[in-house]
$ cat query_24.csv   # CSV, C-alpha atoms
chain,number,residue,atom,x,y,z
A,1,MET,CA,78.0,-73.8,118.8
A,2,ALA,CA,79.8,-74.8,115.7
A,3,THR,CA,79.7,-72.5,112.7
A,4,ARG,CA,78.7,-73.7,109.2
A,5,GLN,CA,80.5,-72.7,106.1
A,6,LYS,CA,79.2,-72.5,102.5
A,7,TYR,CA,80.5,-75.1,100.1
A,8,THR,CA,79.9,-75.6,96.4
A,9,VAL,CA,79.3,-79.0,94.9
A,10,LEU,CA,81.9,-80.0,92.2
A,11,ILE,CA,80.9,-83.7,91.8
A,12,PRO,CA,77.4,-84.8,92.7
A,13,PHE,CA,76.9,-87.1,95.7
A,14,PRO,CA,73.9,-88.7,97.5
A,15,LEU,CA,72.3,-86.5,100.2
A,16,GLY,CA,70.1,-89.3,101.5
A,17,GLY,CA,66.6,-90.4,101.0
A,18,GLY,CA,67.3,-91.0,97.3
A,19,HIS,CA,68.2,-87.4,96.7
A,20,TRP,CA,71.4,-86.3,95.0
A,21,SER,CA,73.3,-83.0,95.1
A,22,ALA,CA,73.8,-81.0,91.8
A,23,VAL,CA,76.9,-79.5,90.4
A,24,GLY,CA,77.1,-75.8,91.5
A,25,GLN,CA,74.7,-76.3,94.4
A,26,GLU,CA,75.7,-74.4,97.5
A,27,LEU,CA,75.4,-76.3,100.8
A,28,ASP,CA,75.9,-75.0,104.4
A,29,LEU,CA,77.9,-77.7,106.2
A,30,LEU,CA,79.7,-78.1,109.4
A,31,ASP,CA,83.5,-78.8,109.2
A,32,VAL,CA,82.9,-82.4,110.3
A,33,GLN,CA,80.3,-82.9,107.6
A,34,ALA,CA,82.5,-81.4,104.8
A,35,GLN,CA,85.8,-83.0,105.8
A,36,GLN,CA,85.6,-86.2,103.7
A,37,LEU,CA,83.7,-84.7,100.8
A,38,GLU,CA,86.4,-82.0,100.5
A,39,THR,CA,89.2,-84.6,100.8
A,40,VAL,CA,87.9,-86.6,97.8
A,41,GLY,CA,87.2,-83.4,95.8
A,42,ARG,CA,83.4,-83.5,95.7
A,43,ILE,CA,83.0,-80.0,97.3
A,44,LYS,CA,85.0,-76.9,97.8
A,45,LEU,CA,84.6,-73.8,99.9
A,46,THR,CA,82.6,-71.2,98.0
A,47,ALA,CA,84.9,-68.4,99.2
A,48,GLN,CA,87.9,-70.3,98.0
A,49,ILE,CA,86.4,-70.7,94.5
A,50,ALA,CA,85.6,-66.9,94.4
A,51,ALA,CA,89.1,-66.1,95.5
A,52,GLU,CA,90.6,-68.3,92.8
A,53,ALA,CA,88.3,-66.8,90.1
A,54,ALA,CA,89.3,-63.3,91.2
A,55,ALA,CA,93.0,-64.2,91.0
A,56,ALA,CA,92.6,-65.7,87.5
A,57,ALA,CA,90.7,-62.7,86.1
A,58,PRO,CA,92.7,-60.5,83.9
A,59,LYS,CA,93.6,-57.2,85.5
A,60,LYS,CA,93.1,-53.9,83.8
A,61,SER,CA,96.2,-51.9,83.5
A,62,THR,CA,96.0,-48.2,84.5
A,63,ALA,CA,99.1,-47.2,82.3
A,64,LYS,CA,98.3,-45.1,79.3
A,65,ALA,CA,99.7,-46.0,76.0
A,66,ASP,CA,102.0,-43.4,74.4
$ encode --input "query_24.csv" --output "structure tokens"
Amino acid sequence: MATRQKYTVLIPFPLGGGHWSAVGQELDLLDVQAQQLETVGRIKLTAQIAAEAAAAAPKKSTAKAD
């Protein structure tokens, strides 16, 4: 069985039935479902966003000032 991954919506898109996604909404999608949306920049892996945020966060230095 295929596994789903959690994606975060960056740009809203229609979900069907007149409903739209919202910016910041998290969706569980199969790779085949997410492929085109990720290619055009509408969604991004939630884990990837978290990793980028952690890398951009300022790091505390452990060195003591003299």
$ closest_residue --input "query_24.csv" --among "A:Ile49, A:Ala57, A:Leu27, A:Val32" --to "A:Val9" --atoms "all atoms listed in the file"
A:Leu27
$ closest_residue --input "query_24.csv" --among "A:Pro14, A:Asp31, A:Thr3, A:Thr8" --to "A:Ala47" --atoms "all atoms listed in the file"
A:Thr8
$ atom_distance --input "query_24.csv" --atom1 "atom CA of A:Ala53" --atom2 "atom CA of A:Trp20"
26.3 Å
$ residues_around --input "query_24.csv" --residues "A:Thr46" --least-positions-apart "2" --cutoff "8 Å" --atoms "all atoms listed in the file" --output "PDB file with C-alpha atoms, in the coordinates of the input"
ATOM      1  CA  LYS A   6      79.200 -72.500 102.500  1.00  0.00           C
ATOM      2  CA  TYR A   7      80.500 -75.100 100.100  1.00  0.00           C
ATOM      3  CA  THR A   8      79.900 -75.600  96.400  1.00  0.00           C
ATOM      4  CA  GLU A  26      75.700 -74.400  97.500  1.00  0.00           C
ATOM      5  CA  LYS A  44      85.000 -76.900  97.800  1.00  0.00           C
ATOM      6  CA  GLN A  48      87.900 -70.300  98.000  1.00  0.00           C
ATOM      7  CA  ILE A  49      86.400 -70.700  94.500  1.00  0.00           C
ATOM      8  CA  ALA A  50      85.600 -66.900  94.400  1.00  0.00           C
TER       9      ALA A  50
END
$ closest_residue --input "query_24.csv" --among "A:Thr39, A:Ala56, A:Thr62, A:Val23" --to "A:Leu10" --atoms "only C-alpha atoms"
A:Val23
$ atom_distance --input "query_24.csv" --atom1 "atom CA of A:Arg42" --atom2 "atom CA of A:Gln25"
11.4 Å
$ atom_distance --input "query_24.csv" --atom1 "atom CA of A:Glu52" --atom2 "atom CA of A:His19"
29.7 Å
$ closest_residue --input "query_24.csv" --among "A:Leu30, A:Gly24, A:Gly41, A:Leu15" --to "A:Ala2" --atoms "all atoms listed in the file"
A:Leu30
$ closest_residue --input "query_24.csv" --among "A:Ala51, A:Leu45, A:Ala22, A:Val40" --to "A:Arg4" --atoms "all atoms listed in the file"
A:Leu45
